[in-house]
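Raw start-v6.csv, CSV, C-alpha atoms:
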```csv
chain,number,residue,atom,x,y,z
J,1255,MET,CA,11.2,-107.9,39.0
J,1256,LYS,CA,8.2,-106.1,40.3
J,1257,LYS,CA,5.3,-105.0,38.1
J,1258,PRO,CA,6.0,-101.4,36.8
J,1259,SER,CA,3.9,-98.6,38.1
J,1260,THR,CA,1.7,-96.5,35.8
J,1261,SER,CA,4.2,-93.6,36.0
J,1262,GLN,CA,7.0,-96.0,35.0
J,1263,ASN,CA,5.1,-97.3,32.0
J,1264,LEU,CA,4.2,-93.7,31.0
J,1265,VAL,CA,7.8,-92.6,31.2
J,1266,ARG,CA,8.9,-95.7,29.3
J,1267,LEU,CA,6.4,-95.1,26.5
J,1268,GLY,CA,7.1,-91.4,26.4
J,1269,LEU,CA,10.8,-91.8,26.2
J,1270,GLY,CA,10.4,-94.5,23.6
J,1271,ALA,CA,8.3,-92.1,21.4
J,1272,PHE,CA,10.7,-89.2,22.1
J,1273,MET,CA,13.7,-91.3,21.1
J,1274,THR,CA,12.1,-92.6,18.0
J,1275,PHE,CA,11.3,-89.1,16.9
J,1276,ALA,CA,14.7,-87.8,17.8
J,1277,GLY,CA,16.4,-90.6,15.8
J,1278,THR,CA,14.2,-90.0,12.8
J,1279,SER,CA,15.1,-86.3,13.0
J,1280,HIS,CA,18.8,-87.2,13.0
J,1281,LEU,CA,18.3,-89.1,9.7
J,1282,THR,CA,16.2,-86.4,8.0
J,1283,PHE,CA,15.4,-82.8,8.8
J,1284,ALA,CA,17.8,-82.0,11.6
J,1285,ARG,CA,21.0,-83.6,10.4
J,1286,LYS,CA,22.9,-80.3,10.1
J,1287,PRO,CA,22.0,-79.0,13.6
J,1288,PHE,CA,23.0,-82.3,15.1
J,1289,GLN,CA,26.3,-82.2,13.3
J,1290,ALA,CA,27.1,-78.9,15.1
J,1291,GLN,CA,27.0,-80.8,18.4
J,1292,VAL,CA,29.6,-83.4,17.5
J,1293,PRO,CA,32.8,-82.5,19.3
J,1294,THR,CA,35.8,-81.8,17.0
J,1295,TRP,CA,37.9,-84.3,19.0
J,1296,ILE,CA,35.8,-87.2,17.8
J,1297,PRO,CA,37.9,-88.7,15.0
J,1298,VAL,CA,34.9,-89.8,12.8
J,1299,ASN,CA,33.0,-87.9,10.1
J,1300,LYS,CA,30.3,-85.8,11.8
J,1301,ASP,CA,27.6,-86.9,9.5
J,1302,ALA,CA,28.4,-90.5,10.2
J,1303,VAL,CA,28.1,-89.9,13.9
J,1304,VAL,CA,24.8,-88.2,13.5
J,1305,LEU,CA,23.4,-91.0,11.2
J,1306,GLY,CA,24.7,-93.7,13.5
J,1307,SER,CA,23.3,-92.1,16.6
J,1308,GLY,CA,20.0,-91.6,14.9
J,1309,VAL,CA,19.8,-95.3,14.1
J,1310,VAL,CA,20.7,-96.2,17.7
J,1311,GLU,CA,18.0,-93.7,19.0
J,1312,ILE,CA,15.4,-95.3,16.8
J,1313,GLY,CA,16.3,-98.8,17.9
J,1314,LEU,CA,16.4,-97.8,21.6
J,1315,GLY,CA,13.1,-95.9,21.3
J,1316,VAL,CA,11.2,-98.6,19.5
J,1317,ALA,CA,12.5,-101.3,21.8
J,1318,PHE,CA,11.8,-99.3,25.0
J,1319,ALA,CA,8.2,-98.6,23.9
J,1320,SER,CA,7.4,-102.0,22.4
J,1321,LEU,CA,9.3,-104.6,24.6
J,1322,PRO,CA,8.1,-104.0,28.1
J,1323,ARG,CA,9.5,-107.4,29.3
J,1324,HIS,CA,13.0,-106.2,28.4
J,1325,ARG,CA,12.5,-102.7,29.8
J,1326,ARG,CA,15.3,-103.1,32.4
J,1327,ILE,CA,18.1,-103.8,30.0
J,1328,ILE,CA,16.8,-101.4,27.4
J,1329,GLY,CA,16.4,-98.6,30.0
J,1330,ILE,CA,19.9,-99.1,31.3
J,1331,ALA,CA,21.2,-99.0,27.7
J,1332,LEU,CA,19.3,-95.8,27.1
J,1333,ALA,CA,20.7,-94.2,30.2
J,1334,ALA,CA,24.2,-95.2,29.1
J,1335,PHE,CA,23.5,-93.7,25.7
J,1336,TYR,CA,22.4,-90.4,27.3
J,1337,VAL,CA,25.7,-90.4,29.2
J,1338,ALA,CA,27.7,-91.1,26.0
J,1339,ILE,CA,26.1,-88.2,24.1
J,1340,PHE,CA,26.4,-85.7,26.9
J,1341,PRO,CA,29.8,-84.5,25.6
J,1342,GLY,CA,27.9,-83.2,22.5
J,1343,ASN,CA,25.7,-81.0,24.7
J,1344,ILE,CA,28.8,-79.8,26.6
J,1345,ASN,CA,30.5,-79.1,23.3
J,1346,GLN,CA,27.5,-77.0,22.1
J,1347,TYR,CA,27.8,-74.9,25.3
J,1348,VAL,CA,31.5,-74.5,25.4
J,1349,GLN,CA,31.8,-73.7,21.6
J,1350,ARG,CA,28.7,-71.4,21.8
J,1351,LEU,CA,27.1,-73.3,18.9
J,1352,ASP,CA,23.6,-72.2,17.9
J,1353,ALA,CA,21.3,-75.1,17.1
J,1354,PHE,CA,17.8,-76.1,18.1
J,1355,ASN,CA,16.9,-72.6,19.2
J,1356,LEU,CA,19.7,-72.7,21.8
J,1357,ASP,CA,21.1,-69.4,20.7
J,1358,THR,CA,22.3,-68.0,24.0
J,1359,ASP,CA,24.8,-69.2,26.6
J,1360,THR,CA,22.0,-69.3,29.1
J,1361,LYS,CA,19.8,-71.6,27.0
J,1362,ARG,CA,22.7,-73.9,26.2
J,1363,PHE,CA,23.7,-74.0,29.9
J,1364,VAL,CA,20.1,-74.8,31.1
J,1365,ARG,CA,19.9,-77.6,28.5
J,1366,LEU,CA,22.8,-79.3,30.3
J,1367,PHE,CA,20.6,-80.0,33.2
J,1368,PHE,CA,18.1,-81.9,31.1
J,1369,GLN,CA,20.5,-84.8,30.5
J,1370,PRO,CA,20.5,-86.0,34.1
J,1371,ALA,CA,16.7,-85.8,34.0
J,1372,LEU,CA,16.7,-88.0,30.9
J,1373,ILE,CA,19.0,-90.5,32.6
J,1374,ALA,CA,16.8,-90.6,35.6
J,1375,GLY,CA,13.7,-91.1,33.4
J,1376,ALA,CA,15.3,-93.9,31.5
J,1377,LEU,CA,16.2,-95.7,34.7
J,1378,TRP,CA,12.7,-95.0,36.2
J,1379,GLY,CA,11.0,-96.3,33.0
J,1380,ALA,CA,13.3,-99.4,33.3
J,1381,GLY,CA,11.9,-100.1,36.7
J,1382,LEU,CA,14.9,-98.9,38.6
J,1383,PRO,CA,15.3,-98.6,41.5
J,1384,ASP,CA,13.1,-101.6,42.5
J,1385,ARG,CA,10.0,-100.4,44.3
J,1386,ASP,CA,9.2,-101.8,47.7
```

What's the structure tokens form of this structure?
Amino acid sequence: MKKPSTSQNLVRLGLGAFMTFAGTSHLTFARKPFQAQVPTWIPVNKDAVVLGSGVVEIGLGVAFASLPRHRRIIGIALAAFYVAIFPGNINQYVQRLDAFNLDTDTKRFVRLFFQPALIAGALWGAGLPDRD
């Protein structure tokens, strides 16, 4: 594994901080808005999904930022997490749910394009693809 570039380290640290904050918000002040994103077809209590995903986000965020030697596996796990939660973003768009100042179809639609960017960022911060 090659030494990460400065931009890869910055992305790793930035996503680590972002995920730690997002997870904390799931557990505290933004629980209700996050519950609105949980698709109705998920057979688990919405609050349990929000609390569980918050714990996972904090764990991934802290690990990504503080365990650079394990950045590859953590970054892959973070990218997989972003894929796993994408149905919630789609649900918010399809159901026209207002949350996080996403109060128009256009705003909700544009937000869908941020998920691939987060996935790419997690992989870049993980050191993937390998640089030549």

Have a look at J:Gly1308, J:Gly1381, J:Gly1270, J:Pro1297 and name the one nearest to Arg1325 in chain J; count only C-alpha atoms.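 Ranking J:Gly1308, J:Gly1381, J:Gly1270, J:Pro1297 by distance to Arg1325 in chain J, first place goes to J:Gly1381.
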
Give me, as a list in words, all polymer residues having an atom no more than 9 Å from Arg1285 in chain J, counting all atoms listed in the file and skipping those fewer than 4 positions away in the same chain.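 The contact residues come out as Ser1279, His1280, Leu1281, Gln1289, Asp1301, Val1304 and Leu1305 of chain J.
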
Using only C-alpha atoms, which protein or nucleic acid residues come within 7 Å of Val1265 in chain J? Drop anything in the same chain fewer than 4 positions from it, and give the result as a list in words. Ser1261, Leu1269, Gly1375 and Gly1379 of chain J

Do you know which residues are at most 9 Å from Ile1344 in chain J counting only C-alpha atoms, after dropping those on the same chain fewer than 4 positions away, and could you put them as a ChimeraX atom specification? /J:1291,1293,1340,1348-1349,1362-1363,1366

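Counting from CA of Pro1322 in chain J, the distance to CA of Val1337 in chain J is 22.3 Å.
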
Residue with smallest distance to Ile1330 in chain J - pool J:Leu1377, J:Ala1353, J:Ala1317, J:Val1309, counting all atoms listed in the file: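 Going through J:Leu1377, J:Ala1353, J:Ala1317, J:Val1309 one by one, the smallest distance to Ile1330 in chain J is for J:Leu1377.
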
Students should find that CA of Gln1369 in chain J and CA of Ala1338 in chain J are spaced 10.6 Å

CA of Thr1294 in chain J to CA of Leu1351 in chain J: how many Å, to one decimal?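 Answer for the CA of Thr1294 in chain J to CA of Leu1351 in chain J separation: 12.3 Å.
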
Which is closest to Leu1314 in chain J among J:Met1255, J:Leu1264, J:Leu1356, J:Ala1376, if we use all atoms listed in the file? J:Ala1376

Identify which of the residues J:Ala1290, J:Asp1352, J:Asp1359, J:Ala1380 lies closest to Ile1327 in chain J, counting only C-alpha atoms when measuring atom-to-atom distances. J:Ala1380

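Checking J:Tyr1347, J:Phe1272, J:Phe1288, J:Phe1318 one by one against Lys1361 in chain J, counting all atoms listed in the file, you find the shortest gap at J:Tyr1347.
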
Counting all atoms listed in the file, the residue of J:Gly1315, J:Leu1332, J:Ile1339, J:Thr1358 that sits nearest Phe1275 in chain J: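 Of the candidates, the smallest distance to Phe1275 in chain J is held by J:Gly1315.
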